[in-house]
Each structure stands twice: as C-alpha cells, then as structure tokens.
Amino acid sequence: MSKPVSLPERFMQRHLRVFGVFWFITFMLYLPAVKAGMVGDFAGWLYTVRYSSFSDYVNRPDSLSLYQFTQLVTLAYYKIFGINPWAWHILNVTLHAVNCQILFVISRKLFEDSHIRNAPIIALGGVLLYCFTPSNTEVIVHEPCFHYLLSFLILLSIVRLVQKFHHQQHKKYVWLALLLYLPSTYSLELFYITPWFILALSVYYRVVLHYDKAIFKKVILWFFVPLLVIFGAYEVVLNLVIHVQIAHVGIFFNKYGYSYLTKPPKYLFHLLFLGRYFSFDTRQAIYSFCESIAGLSIFYGLVVLAFVLFFARVNKVGMKAKAAVLIFTWALFTLSVVVPLEFPEMQLVLFDRYTYFMAPFVFLLLVLLLSSVGNKSIAILLFSAYAIVNICFTVKTNYYWKRSAYIVKRLINEIPDPGSRTIILLNPPENMNGILMLGSQPISVWKLCHNLYSDKKINNTVYDVASYNMVTPDDGAHVNVLNDSTITVTLNQWGTWWWYRYRGATSYENADYKLDMKDAGHWYQLTLKHPASQYLLLYQKGDQWLPVDWNKKNTEQY
C-alpha cells in the first residue's frame with residue numbers, strides 16, 4: 001500500500017503544480033526572445049561589472065539611487081553564469097512565475113477569507129491574465145529590468161507573510177518580513193509602498209473581516225512601525241550619501257503637476273485595452289481626450305461615483321465589492337510610484353516596465369467584475385477571448401524582440417575591414433517599434449557593444465552619427481555622394497525620425513565631420529573635415545552595413 005500523503009505535502013504539491021503552470025506558460029510565450037534583451041543599459045552595466053572597482057560597481061557613484069542590493073545580486077549571478085543569454089532568460093522567466101504564484105496564493109486566500117464563491121478560479125483567472133499580458137515583455141526580456149522582478153517578489157513575499165500572520169501569529173513571520181524589507185531598501189524604490197500595502201491588508205482583515213483587534217495591533221507594532229523605522233534609516237542614508245529626499249524619481253516631482261492626473265486613464269488604456277497596439281493617430285486622440293477637462297471629469301467622476309455608491313451601501317454590498325476596494329487601493333499605491341515618471345506615448349515596449357506592478361491588480365479587478373456576470377458561459381467566453389488576444393500580442397511582441405536581437409547581433413559583429421580608418425556609422429537603429437537596439441551617443445554605443453560582445457576588438461575611432469526608429473526588419477537608409485567630402489543620408493521610410501543621445505537629432509559637429517539636419521524625420525547632410533580616404537562610412541539597411549562608394553557621385557546608393 002502507498003504511504004498516505006500528509007496535508008503539508010499535498011499543500012506543497014499543489015503549489016508546485018500551479019507554479020509549474022505559470023512557469024511553462026511564461027517559458028513558452030517568451031521562448032522566441034531567449035537571446036534578446038542584452039541592449040540599452042545592459043552594455044553599460046556589463047562594462048561596469050567588468051572594468052570598474054568593486055566599490056564603484058556596488059555603490060554606483062553617479063546614480064541618484066541606492067541600489068547596492070541589486071548590484072550585489074547581479075554581480076553574483078554574473079560571476080556564475082557570465083552573460084549566457086539562456087541563464088539570464090531562465091532567471092527572469094522563473095522570477096516572473098514566482099511572482100505569479102505568490103499573487104495567486106495571496107488573492108486566493110484573500111477571496112477565501114472573504115467567503116467569495118469560486119475564490120481559486122477568480123484568483124487564477126486574474127493572475128493568468130497578468131501572466132499573458134504583452135505589457136510585461138520589457139521586464140521579462142530586457143535584462144536591465146531584473147530589479148523590477150526582484151523588488152516585486154520581495155513586496156509580495158512580505159504581504160504574504162503578513163497575511164499568514166493573521167492566521168497564525170508566529171514571530172518567524174515578523175523576522176522574515178523585516179529581513180526581506182531591509183535589503184529591499186537598497187533596490188528599486190518599490191519598497192516605498194510596502195508598509196502601506198500591509199497596512200491596507202491589515203485594515204481590511206480587521207474592519208471588513210472582523211479579525212481580532214489584538215492581531216491588528218500586533219501587525220501595526222511588529223510589522224508596520226518597524227518597516228517605517230527601516231524606511232526612515234534609508235532616508236537618512238539617502239540624504240547623507242546622495243543629498244536627495246526621493247531617490248530616482250525625485251527630479252521629476254513638481255515639474256508636471258497637472259499631468260499626474262492624466263496618467264491613470266492612459267495606463268488603464270494601455271493595460272486593459274492594449275492601447276500600445278492602436279495606430280499612432282488613434283492613440284494620440286485617446287491621450288488627448290484623457291488630458292482634456294472633459295475626459296478627466298468623466299474618468300474621475302465615475303471613480304468618485306463608484307466610491308460614493310459603495311460607502312452609501314457599505315453594509316449591503318457583497319464581499320466581492322469590498323475585496324475589490326482593497327485591490328483597487330493596492331493598484332493606487334503602485335500607480336503612485338510611476339505617475340511622476342514620463343508616460344510612454346510612442347511605439348511599443350519602451351517604459352512598459354512601469355505597469356508591471358500595477359497590472360496584476362487591474363486584472364484581478366477585471367476578473368472579479370467578470371465573475372459577477374449572471375451568465376457564466378458568457379463570462380467564460382469573454383475571459384477566453386480576452387486572454388487569447390493578449391497571448392497573440394505577447395507572441396507578436398516577442399517576435400519583434402527576436403528579430404531585433406538578430407539584427408543587432410549581425411550589425412555588431414559583421415562590418416567590412418576598416419583598416420586604420422575612422423569608422424562613421426550613418427544610421428545605427430535606435431529601436432524596433434520601441435524595442436531598444438543600438439542608438440547613437442558621442443561615445444559610440446556600437447563600439448562599446450562590439451568590444452564587449454566580440455573576441456576581436458576595434459581600436460579605431462568610431463562615431464554614431466544619428467540613429468532612427470526601425471519599424472520593419474528591412475528598414476534602413478540610402479546615401480548620395482554630392483562631392484568629395486559631402487553626402488546626404490535619407491531614410492528609406494517615412495515617419496521613423498532621427499535620434500541622437502536619446503533625443504530628437506539636431507545639427508552638430510565634431511573634429512571629424514559636420515552634420516546638418518535638414519529634416520529630422522527624413523534626411524541630413526554630412527560634411528567630412530578630412531579627406532574621405534581616412535574614413536569608412538557605413539549605412540545600415542536591414543541586418544547589414546553597406547559602405548559608401550565615393551566613386552558614385554549624384555547617384556542614390558541603396
């Protein structure tokens with residue numbers, strides 16, 4: 001006879017099965033993007049980890065944040081796995097699956113404690129939408145976003161520990177929460193809202209679920225107050241070391257006051273309605289409406305009306321509505337972290353990381369609403385259709401990641417032999433539909449990446465003249481040689497714009513050339529300051545660098 005399985009063993013097996021579902025879904029959805037993501041800030045991070053002192057790497061002297069914990073974790077991982085793309089990809093996939101698992105446990109237990117019917121199904125539905133959503137591709141694929149995954153994991157773990165404390169008042173939960181929160185204060189600034197997450201949870205258990213008052217007092221004294229003390233200690237260190245009161249986002253405060261109000265409806269448009277994938281004109285029209293007095297009045301009027309009706313009938317509304325208020329409060333906390341930051345209105349992916357913390361609570365609210373539909377068949381049909389649409393756009397976006405990574409790899413590794421000539425890259429791609437690629441800086445990004453990722457180093461002087469937005473894998477530019485020192489560079493497609501130093505490109509000059517930006521959306525003129533024989537000029541088309549032929553004058557070279 002087989003040995004009976006104990007309750008803890010059954011509990012663990014069930015959790016492992018659910019985690020396995022989340023991990024498998026995430027792994028399969030993101031399989032096309034395995035070798036993508038090592039772009040943008042990753043090159044700067046890799047240079048720092050290889051060539052900086054341990055102190056400079058860990059403390060980031062030029063940063064406006066205290067990220068020592070994140071730096072130590074990534075350093076340890078790098079020492080073990082290097083920059084193996086599979087190792088970093090599996091790490092991000094696994095962390096996201098763990099976050100989904102903890103979210104499922106928290107929400108399921110919350111709904112069960114609230115005596116909501118079908119609690120596991122509702123919780124699973126909300127977290128599955130979070131797992132599917134294309135708004136997470138930047139965090140999961142782009143390696144520099146690792147600290148978003150880690151910070152959210154710590155916040156959720158602390159919330160879960162406090163939730164468990166409401167059922168079993170073991171002091172080990174207190175010590176674990178404090179031990180987790182302390183290092184999190186030296187990571188992404190999500191920890192700013194951790195104490196308020198647990199305060200809201202405890203108020204809910206006390207006021208709505210009528211848990212013992214003594215438990216509420218213990219949560220305040222043993223969790224909430226110590227977390228505030230740790231936060232206060234962090235603030236002292238932040239002021240002493242960096243001389244700011246609010247890390248990272250502090251420079252944005254008091255600069256865009258009115259715009260803070262416009263961002264919640266915009267983020268809702270991005271998350272619930274996949275707003276990133278609408279046409280440019282449609283998006284701009286919706287953003288303009290969200291910024292208008294009429295749009296803001298309607299949005300906030302509906303929010304206020306919902307709360308007025310809720311509190312007017314607080315003794316009559318069901319537990320779903322009460323649980324929804326808690327989840328909505330958590331969503332507001334996450335929103336408070338990102339409203340000071342620039343809202344991403346252009347293209348796909350870039351800055352989608354700002355919604356990573358907010359998305360699960362929005363989707364849990366959506367599934368709570370769907371669960372209230374009287375006809376369950378219709379509710380299931382709506383959920384299934386919505387999930388399929390999200391999956392399709394996630395797959396589509398991950399193929400953008402895959403294709404952009406392929407192009408970047410070829411552009412970094414395959415160039416004509418420059419000899420001793422100065423290399424001038426006329427149009428390195430900035431991004432593909434918002435997915436970072438190379439870009440252009442006064443200190444060449446291409447040269448930095450080439451020397452970091454390739455065994456064959458380039459010692460030549462290299463310039464990135466101006467970058468542009470790729471839309472399709474075949475995009476690029478063509479040139480026209482006007483005379484022995486002057487060329488024009490024209491994009492092969494309209495509406496993809498020129499960039500330099502993360503901004504719209506303008507005219508400038510240096511020791512080797514003068515750039516005259518004739519049309520920031522289409523073409524520029526470049527004049528060399530030394531004989532053309534001293535330079536190798538390359539223009540990009542698709543996944544290739546093509547050399548400028550100075551013998552073909554007044555002829556379009558494609």
# chains A, B, ... in the order shown; residues from 1 in each chain; ligands from 1
>>> residues_around(residues="segment 44-55 of chain A", least_positions_apart="4", cutoff="8 Å", atoms="only C-alpha atoms", output="list in words")
Gly40, Asn59, Leu75 and Leu452 of chain A
>>> residues_around(residues="segment 537-546 of chain A", least_positions_apart="3", cutoff="6 Å", atoms="only C-alpha atoms", output="count of residues only")
9
>>> closest_atom_pairs(of="segment 325-377 of chain A", to="segment 149-164 of chain A", cutoff="12 Å", atoms="only C-alpha atoms", output="JSON lines")
{"residue": "A:Trp330", "atom": "CA", "partner": "A:Val159", "partner_atom": "CA", "distance": 11.1}
{"residue": "A:Thr334", "atom": "CA", "partner": "A:Phe152", "partner_atom": "CA", "distance": 10.5}
{"residue": "A:Arg353", "atom": "CA", "partner": "A:Leu149", "partner_atom": "CA", "distance": 9.9}
{"residue": "A:Tyr354", "atom": "CA", "partner": "A:Leu149", "partner_atom": "CA", "distance": 11.7}
{"residue": "A:Thr355", "atom": "CA", "partner": "A:Phe152", "partner_atom": "CA", "distance": 11.8}
{"residue": "A:Tyr356", "atom": "CA", "partner": "A:Leu149", "partner_atom": "CA", "distance": 8.6}
{"residue": "A:Phe357", "atom": "CA", "partner": "A:Phe152", "partner_atom": "CA", "distance": 6.9}
{"residue": "A:Met358", "atom": "CA", "partner": "A:Phe152", "partner_atom": "CA", "distance": 10.5}
{"residue": "A:Ala359", "atom": "CA", "partner": "A:Phe152", "partner_atom": "CA", "distance": 11.9}
{"residue": "A:Pro360", "atom": "CA", "partner": "A:Phe152", "partner_atom": "CA", "distance": 11.2}
>>> closest_residue(among="A:Lys263, A:Lys514, A:Lys409, A:Leu382", to="Glu342 of chain A", atoms="only C-alpha atoms")
A:Lys263
>>> residues_around(residues="Ser114 of chain A", least_positions_apart="2", cutoff="10 Å", atoms="only C-alpha atoms", output="compact mmCIF listing (two decimals) with all heavy atoms, in the first residue's frame")
# COMPACT_ATOMS: atom_id res chain seq x y z
N ARG A 108 -6.06 34.27 -3.77
CA ARG A 108 -6.94 33.15 -3.45
C ARG A 108 -7.29 33.14 -1.97
O ARG A 108 -8.48 32.99 -1.59
CB ARG A 108 -6.28 31.83 -3.83
CG ARG A 108 -7.19 30.61 -3.69
CD ARG A 108 -6.40 29.35 -3.46
NE ARG A 108 -5.67 29.41 -2.20
CZ ARG A 108 -4.61 28.68 -1.92
NH1 ARG A 108 -4.12 27.86 -2.81
NH2 ARG A 108 -4.01 28.80 -0.75
N LYS A 109 -6.29 33.31 -1.11
CA LYS A 109 -6.55 33.30 0.33
C LYS A 109 -7.39 34.50 0.74
O LYS A 109 -8.29 34.38 1.60
CB LYS A 109 -5.22 33.30 1.09
CG LYS A 109 -5.37 33.08 2.59
CD LYS A 109 -6.03 31.73 2.88
CE LYS A 109 -6.17 31.48 4.37
NZ LYS A 109 -6.97 30.26 4.63
N LEU A 110 -7.15 35.64 0.12
CA LEU A 110 -7.95 36.83 0.41
C LEU A 110 -9.41 36.58 0.06
O LEU A 110 -10.32 36.91 0.84
CB LEU A 110 -7.40 38.02 -0.38
CG LEU A 110 -8.18 39.34 -0.27
CD1 LEU A 110 -8.04 39.92 1.13
CD2 LEU A 110 -7.69 40.34 -1.31
N PHE A 111 -9.67 36.00 -1.11
CA PHE A 111 -11.04 35.74 -1.53
C PHE A 111 -11.69 34.65 -0.68
O PHE A 111 -12.88 34.72 -0.36
CB PHE A 111 -11.07 35.35 -3.01
CG PHE A 111 -10.58 36.42 -3.94
CD1 PHE A 111 -10.04 36.10 -5.18
CD2 PHE A 111 -10.64 37.76 -3.59
CE1 PHE A 111 -9.58 37.08 -6.04
CE2 PHE A 111 -10.18 38.76 -4.44
CZ PHE A 111 -9.65 38.41 -5.67
N GLU A 112 -10.90 33.65 -0.31
CA GLU A 112 -11.45 32.60 0.55
C GLU A 112 -11.79 33.14 1.93
O GLU A 112 -12.86 32.83 2.48
CB GLU A 112 -10.44 31.45 0.67
CG GLU A 112 -10.33 30.61 -0.59
CD GLU A 112 -9.27 29.52 -0.48
OE1 GLU A 112 -8.44 29.60 0.47
OE2 GLU A 112 -9.25 28.62 -1.33
N ILE A 116 -15.79 34.47 -0.70
CA ILE A 116 -16.22 34.70 -2.08
C ILE A 116 -16.26 33.35 -2.80
O ILE A 116 -15.30 32.58 -2.75
CB ILE A 116 -15.25 35.67 -2.79
CG1 ILE A 116 -15.33 37.05 -2.14
CG2 ILE A 116 -15.56 35.76 -4.28
CD1 ILE A 116 -14.31 38.03 -2.68
N ARG A 117 -17.36 33.08 -3.46
CA ARG A 117 -17.51 31.81 -4.17
C ARG A 117 -16.50 31.73 -5.32
O ARG A 117 -16.17 32.72 -5.95
CB ARG A 117 -18.92 31.67 -4.72
CG ARG A 117 -20.00 31.47 -3.66
CD ARG A 117 -21.36 31.30 -4.31
NE ARG A 117 -21.37 30.16 -5.23
CZ ARG A 117 -22.36 29.89 -6.07
NH1 ARG A 117 -23.43 30.68 -6.12
NH2 ARG A 117 -22.30 28.82 -6.86
N ALA A 119 -13.35 31.25 -5.26
CA ALA A 119 -12.17 32.07 -4.98
C ALA A 119 -10.94 31.60 -5.77
O ALA A 119 -10.25 32.44 -6.38
CB ALA A 119 -11.87 32.08 -3.48
N TYR A 204 -8.18 45.81 6.21
CA TYR A 204 -9.23 45.00 5.59
C TYR A 204 -9.61 43.82 6.48
O TYR A 204 -10.79 43.54 6.71
CB TYR A 204 -8.77 44.51 4.23
CG TYR A 204 -9.79 43.65 3.50
CD1 TYR A 204 -10.79 44.23 2.75
CD2 TYR A 204 -9.75 42.26 3.59
CE1 TYR A 204 -11.74 43.46 2.09
CE2 TYR A 204 -10.68 41.48 2.93
CZ TYR A 204 -11.67 42.09 2.18
OH TYR A 204 -12.61 41.32 1.54
N TYR A 205 -8.60 43.11 6.99
CA TYR A 205 -8.88 41.96 7.84
C TYR A 205 -9.54 42.36 9.16
O TYR A 205 -10.36 41.62 9.70
CB TYR A 205 -7.59 41.17 8.12
CG TYR A 205 -7.31 40.13 7.07
CD1 TYR A 205 -6.57 40.43 5.93
CD2 TYR A 205 -7.80 38.83 7.20
CE1 TYR A 205 -6.32 39.48 4.96
CE2 TYR A 205 -7.55 37.87 6.23
CZ TYR A 205 -6.82 38.20 5.11
OH TYR A 205 -6.58 37.24 4.14
N VAL A 208 -13.24 44.75 7.71
CA VAL A 208 -14.17 44.05 6.84
C VAL A 208 -14.40 42.61 7.30
O VAL A 208 -15.54 42.14 7.37
CB VAL A 208 -13.67 44.07 5.38
CG1 VAL A 208 -14.62 43.28 4.47
CG2 VAL A 208 -13.55 45.51 4.89
N LEU A 209 -13.31 41.91 7.62
CA LEU A 209 -13.43 40.50 8.00
C LEU A 209 -13.53 40.30 9.51
O LEU A 209 -13.71 39.17 9.97
CB LEU A 209 -12.23 39.72 7.45
CG LEU A 209 -12.04 39.78 5.94
CD1 LEU A 209 -10.88 38.88 5.51
CD2 LEU A 209 -13.31 39.39 5.20
N GLY A 318 -21.81 43.27 -1.49
CA GLY A 318 -21.24 41.96 -1.26
C GLY A 318 -19.74 42.01 -0.99
O GLY A 318 -19.09 43.05 -1.12
N MET A 319 -19.18 40.86 -0.65
CA MET A 319 -17.78 40.79 -0.30
C MET A 319 -16.88 41.00 -1.53
O MET A 319 -15.73 41.44 -1.38
CB MET A 319 -17.46 39.44 0.34
CG MET A 319 -18.11 39.27 1.72
SD MET A 319 -17.67 40.60 2.89
CE MET A 319 -15.91 40.38 2.99
N LYS A 320 -17.39 40.70 -2.71
CA LYS A 320 -16.59 40.97 -3.90
C LYS A 320 -16.26 42.45 -4.03
O LYS A 320 -15.11 42.83 -4.34
CB LYS A 320 -17.32 40.49 -5.15
CG LYS A 320 -17.29 39.00 -5.38
CD LYS A 320 -17.96 38.65 -6.70
CE LYS A 320 -18.00 37.12 -6.90
NZ LYS A 320 -18.67 36.76 -8.17
N LYS A 322 -16.14 44.63 -1.61
CA LYS A 322 -15.24 45.04 -0.54
C LYS A 322 -13.81 44.59 -0.84
O LYS A 322 -12.85 45.34 -0.60
CB LYS A 322 -15.73 44.48 0.79
CG LYS A 322 -17.06 45.10 1.23
CD LYS A 322 -17.58 44.47 2.52
CE LYS A 322 -18.91 45.11 2.91
NZ LYS A 322 -19.49 44.49 4.14
N ALA A 323 -13.67 43.36 -1.33
CA ALA A 323 -12.34 42.90 -1.72
C ALA A 323 -11.79 43.74 -2.88
O ALA A 323 -10.58 44.03 -2.94
CB ALA A 323 -12.39 41.43 -2.11
>>> closest_residue(among="A:Thr329, A:His210, A:Tyr57, A:Pro183", to="Asp113 of chain A", atoms="only C-alpha atoms")
A:His210
>>> residues_around(residues="segment 184-192 of chain A", least_positions_apart="4", cutoff="9 Å", atoms="only C-alpha atoms", output="list in words")
Ser65, Leu66, Tyr67, Gln68, Phe69, Thr70, Gln71, His147, Tyr148, Leu150, Ser151, Phe152, Ile154, Leu155, Leu180, Trp196, Ile230, Phe231, Tyr234, Ala247, His248, Val249, Thr334, Val337 and Phe357 of chain A
>>> write_last_selection(atoms="N, CA and C atoms", output="PDB file, in the first residue's frame")
ATOM      1  N   SER A  65      20.217  56.802  -6.842  1.00  0.00           N
ATOM      2  CA  SER A  65      19.538  55.777  -6.059  1.00  0.00           C
ATOM      3  C   SER A  65      20.558  54.946  -5.302  1.00  0.00           C
ATOM      4  N   LEU A  66      20.060  54.225  -4.310  1.00  0.00           N
ATOM      5  CA  LEU A  66      20.872  53.284  -3.555  1.00  0.00           C
ATOM      6  C   LEU A  66      20.479  51.876  -3.991  1.00  0.00           C
ATOM      7  N   TYR A  67      21.264  51.302  -4.894  1.00  0.00           N
ATOM      8  CA  TYR A  67      20.919  50.003  -5.477  1.00  0.00           C
ATOM      9  C   TYR A  67      21.947  48.923  -5.116  1.00  0.00           C
ATOM     10  N   GLN A  68      22.552  49.032  -3.950  1.00  0.00           N
ATOM     11  CA  GLN A  68      23.624  48.103  -3.590  1.00  0.00           C
ATOM     12  C   GLN A  68      23.168  46.645  -3.576  1.00  0.00           C
ATOM     13  N   PHE A  69      21.968  46.392  -3.093  1.00  0.00           N
ATOM     14  CA  PHE A  69      21.477  45.013  -3.024  1.00  0.00           C
ATOM     15  C   PHE A  69      21.322  44.430  -4.423  1.00  0.00           C
ATOM     16  N   THR A  70      20.698  45.181  -5.312  1.00  0.00           N
ATOM     17  CA  THR A  70      20.542  44.717  -6.692  1.00  0.00           C
ATOM     18  C   THR A  70      21.903  44.483  -7.336  1.00  0.00           C
ATOM     19  N   GLN A  71      22.833  45.394  -7.103  1.00  0.00           N
ATOM     20  CA  GLN A  71      24.156  45.268  -7.700  1.00  0.00           C
ATOM     21  C   GLN A  71      24.874  44.005  -7.214  1.00  0.00           C
ATOM     22  N   HIS A 147      15.673  44.056 -11.685  1.00  0.00           N
ATOM     23  CA  HIS A 147      15.322  44.519 -10.337  1.00  0.00           C
ATOM     24  C   HIS A 147      13.833  44.791 -10.171  1.00  0.00           C
ATOM     25  N   TYR A 148      13.087  44.935 -11.274  1.00  0.00           N
ATOM     26  CA  TYR A 148      11.632  45.030 -11.167  1.00  0.00           C
ATOM     27  C   TYR A 148      11.058  43.698 -10.677  1.00  0.00           C
ATOM     28  N   LEU A 150      12.708  41.303  -9.011  1.00  0.00           N
ATOM     29  CA  LEU A 150      13.183  41.023  -7.665  1.00  0.00           C
ATOM     30  C   LEU A 150      12.447  41.869  -6.629  1.00  0.00           C
ATOM     31  N   SER A 151      12.254  43.143  -6.906  1.00  0.00           N
ATOM     32  CA  SER A 151      11.601  44.041  -5.949  1.00  0.00           C
ATOM     33  C   SER A 151      10.143  43.665  -5.734  1.00  0.00           C
ATOM     34  N   PHE A 152       9.466  43.282  -6.817  1.00  0.00           N
ATOM     35  CA  PHE A 152       8.075  42.878  -6.673  1.00  0.00           C
ATOM     36  C   PHE A 152       7.968  41.569  -5.895  1.00  0.00           C
ATOM     37  N   ILE A 154       9.917  40.629  -3.475  1.00  0.00           N
ATOM     38  CA  ILE A 154      10.080  40.938  -2.051  1.00  0.00           C
ATOM     39  C   ILE A 154       8.816  41.555  -1.479  1.00  0.00           C
ATOM     40  N   LEU A 155       8.219  42.503  -2.200  1.00  0.00           N
ATOM     41  CA  LEU A 155       6.977  43.124  -1.718  1.00  0.00           C
ATOM     42  C   LEU A 155       5.888  42.080  -1.523  1.00  0.00           C
ATOM     43  N   LEU A 180      13.550  40.632   4.883  1.00  0.00           N
ATOM     44  CA  LEU A 180      13.329  40.872   3.459  1.00  0.00           C
ATOM     45  C   LEU A 180      13.282  42.361   3.137  1.00  0.00           C
ATOM     46  N   TRP A 196       2.583  50.425   3.309  1.00  0.00           N
ATOM     47  CA  TRP A 196       1.186  50.810   3.087  1.00  0.00           C
ATOM     48  C   TRP A 196       0.380  49.652   2.513  1.00  0.00           C
ATOM     49  N   ILE A 230      12.818  51.284   9.379  1.00  0.00           N
ATOM     50  CA  ILE A 230      13.825  50.913   8.376  1.00  0.00           C
ATOM     51  C   ILE A 230      13.810  51.896   7.215  1.00  0.00           C
ATOM     52  N   PHE A 231      12.600  52.289   6.815  1.00  0.00           N
ATOM     53  CA  PHE A 231      12.490  53.278   5.739  1.00  0.00           C
ATOM     54  C   PHE A 231      13.121  54.599   6.161  1.00  0.00           C
ATOM     55  N   TYR A 234      16.784  54.380   5.870  1.00  0.00           N
ATOM     56  CA  TYR A 234      17.153  54.503   4.453  1.00  0.00           C
ATOM     57  C   TYR A 234      17.177  55.970   4.033  1.00  0.00           C
ATOM     58  N   ALA A 247      14.569  59.175  -4.005  1.00  0.00           N
ATOM     59  CA  ALA A 247      15.523  58.597  -4.949  1.00  0.00           C
ATOM     60  C   ALA A 247      14.907  58.417  -6.326  1.00  0.00           C
ATOM     61  N   HIS A 248      15.763  58.523  -7.324  1.00  0.00           N
ATOM     62  CA  HIS A 248      15.433  58.163  -8.699  1.00  0.00           C
ATOM     63  C   HIS A 248      14.383  59.072  -9.333  1.00  0.00           C
ATOM     64  N   VAL A 249      13.176  59.110  -8.746  1.00  0.00           N
ATOM     65  CA  VAL A 249      12.100  59.879  -9.361  1.00  0.00           C
ATOM     66  C   VAL A 249      12.000  61.284  -8.799  1.00  0.00           C
ATOM     67  N   THR A 334       0.651  51.318  -6.292  1.00  0.00           N
ATOM     68  CA  THR A 334       1.634  51.082  -7.353  1.00  0.00           C
ATOM     69  C   THR A 334       1.640  52.228  -8.357  1.00  0.00           C
ATOM     70  N   VAL A 337       3.862  55.265  -7.552  1.00  0.00           N
ATOM     71  CA  VAL A 337       5.301  55.154  -7.787  1.00  0.00           C
ATOM     72  C   VAL A 337       5.674  55.647  -9.184  1.00  0.00           C
ATOM     73  N   PHE A 357       3.966  46.387 -11.869  1.00  0.00           N
ATOM     74  CA  PHE A 357       3.427  46.242 -10.513  1.00  0.00           C
ATOM     75  C   PHE A 357       1.927  46.485 -10.462  1.00  0.00           C
TER      76      PHE A 357
END
>>> select_by_dssp(residues="segment 306-499 of chain A", states="helix (DSSP H, G or I)", output="MDAnalysis selection string")
chainID A and resid 306:312 319:338 352:355 359:370 376:413 445:453
>>> residues_around(residues="Ala36 of chain A", least_positions_apart="2", cutoff="7 Å", atoms="only C-alpha atoms", output="VMD selection string")
chain A and resid 33 to 34 38 141 401 to 402 405
>>> write_last_selection(atoms="N, CA and C atoms", output="PDB file, in the first residue's frame")
ATOM      1  N   ALA A  33      12.215  35.010 -27.572  1.00  0.00           N
ATOM      2  CA  ALA A  33      13.051  36.145 -27.149  1.00  0.00           C
ATOM      3  C   ALA A  33      14.210  35.732 -26.252  1.00  0.00           C
ATOM      4  N   VAL A  34      14.578  34.444 -26.286  1.00  0.00           N
ATOM      5  CA  VAL A  34      15.627  33.943 -25.393  1.00  0.00           C
ATOM      6  C   VAL A  34      16.919  34.749 -25.518  1.00  0.00           C
ATOM      7  N   MET A  38      19.732  41.983 -24.225  1.00  0.00           N
ATOM      8  CA  MET A  38      21.028  42.491 -23.769  1.00  0.00           C
ATOM      9  C   MET A  38      21.401  43.736 -24.559  1.00  0.00           C
ATOM     10  N   VAL A 141      12.038  40.273 -20.715  1.00  0.00           N
ATOM     11  CA  VAL A 141      13.060  40.070 -21.743  1.00  0.00           C
ATOM     12  C   VAL A 141      14.290  40.947 -21.528  1.00  0.00           C
ATOM     13  N   TRP A 401      11.156  41.258 -30.492  1.00  0.00           N
ATOM     14  CA  TRP A 401      12.374  41.123 -29.701  1.00  0.00           C
ATOM     15  C   TRP A 401      13.366  40.201 -30.407  1.00  0.00           C
ATOM     16  N   LYS A 402      12.877  39.065 -30.883  1.00  0.00           N
ATOM     17  CA  LYS A 402      13.749  38.091 -31.550  1.00  0.00           C
ATOM     18  C   LYS A 402      14.395  38.693 -32.790  1.00  0.00           C
ATOM     19  N   ALA A 405      16.971  41.422 -31.996  1.00  0.00           N
ATOM     20  CA  ALA A 405      18.210  40.850 -31.451  1.00  0.00           C
ATOM     21  C   ALA A 405      19.079  40.267 -32.564  1.00  0.00           C
TER      22      ALA A 405
END
>>> select_by_dssp(residues="segment 369-548 of chain A", states="strand (DSSP E or B)", output="ChimeraX atom specification")
/A:422-425,429-432,435-436,462-464,467-470,476-481,486-491,498-500,503-504,508-509,513-519,523-528,535-541,544-547
>>> residues_around(residues="segment 294-305 of chain A", least_positions_apart="3", cutoff="8 Å", atoms="only C-alpha atoms", output="ChimeraX atom specification")
/A:261-262,265,289-291,308-309
>>> write_last_selection(atoms="N, CA and C atoms", output="mmCIF file, in the first residue's frame")
data_model
loop_
_atom_site.group_PDB
_atom_site.id
_atom_site.type_symbol
_atom_site.label_atom_id
_atom_site.label_comp_id
_atom_site.auth_asym_id
_atom_site.auth_seq_id
_atom_site.Cartn_x
_atom_site.Cartn_y
_atom_site.Cartn_z
ATOM 1 N N LEU A 261 -2.574 63.703 -13.117
ATOM 2 C CA LEU A 261 -3.977 63.305 -13.190
ATOM 3 C C LEU A 261 -4.309 62.618 -14.504
ATOM 4 N N THR A 262 -3.549 62.919 -15.543
ATOM 5 C CA THR A 262 -3.868 62.356 -16.863
ATOM 6 C C THR A 262 -3.335 60.938 -17.036
ATOM 7 N N PRO A 265 -5.857 57.250 -16.406
ATOM 8 C CA PRO A 265 -6.681 56.729 -17.513
ATOM 9 C C PRO A 265 -5.844 56.254 -18.696
ATOM 10 N N PHE A 289 -7.802 63.077 -25.317
ATOM 11 C CA PHE A 289 -9.057 63.057 -24.571
ATOM 12 C C PHE A 289 -8.797 62.880 -23.074
ATOM 13 N N CYS A 290 -7.839 62.017 -22.747
ATOM 14 C CA CYS A 290 -7.500 61.793 -21.331
ATOM 15 C C CYS A 290 -6.902 63.036 -20.690
ATOM 16 N N GLU A 291 -6.315 63.898 -21.494
ATOM 17 C CA GLU A 291 -5.722 65.125 -20.971
ATOM 18 C C GLU A 291 -6.705 66.284 -20.932
ATOM 19 N N VAL A 308 -18.748 56.661 -3.866
ATOM 20 C CA VAL A 308 -19.905 57.200 -3.138
ATOM 21 C C VAL A 308 -20.979 56.127 -2.998
ATOM 22 N N LEU A 309 -21.263 55.415 -4.106
ATOM 23 C CA LEU A 309 -22.265 54.360 -4.050
ATOM 24 C C LEU A 309 -21.825 53.223 -3.130
#
>>> residues_around(residues="Glu345 of chain A", least_positions_apart="2", cutoff="12 Å", atoms="only C-alpha atoms", output="PyMOL selection string")
chain A and resi 263+266-267+269-270+275-288+342-343+347-352+433-434
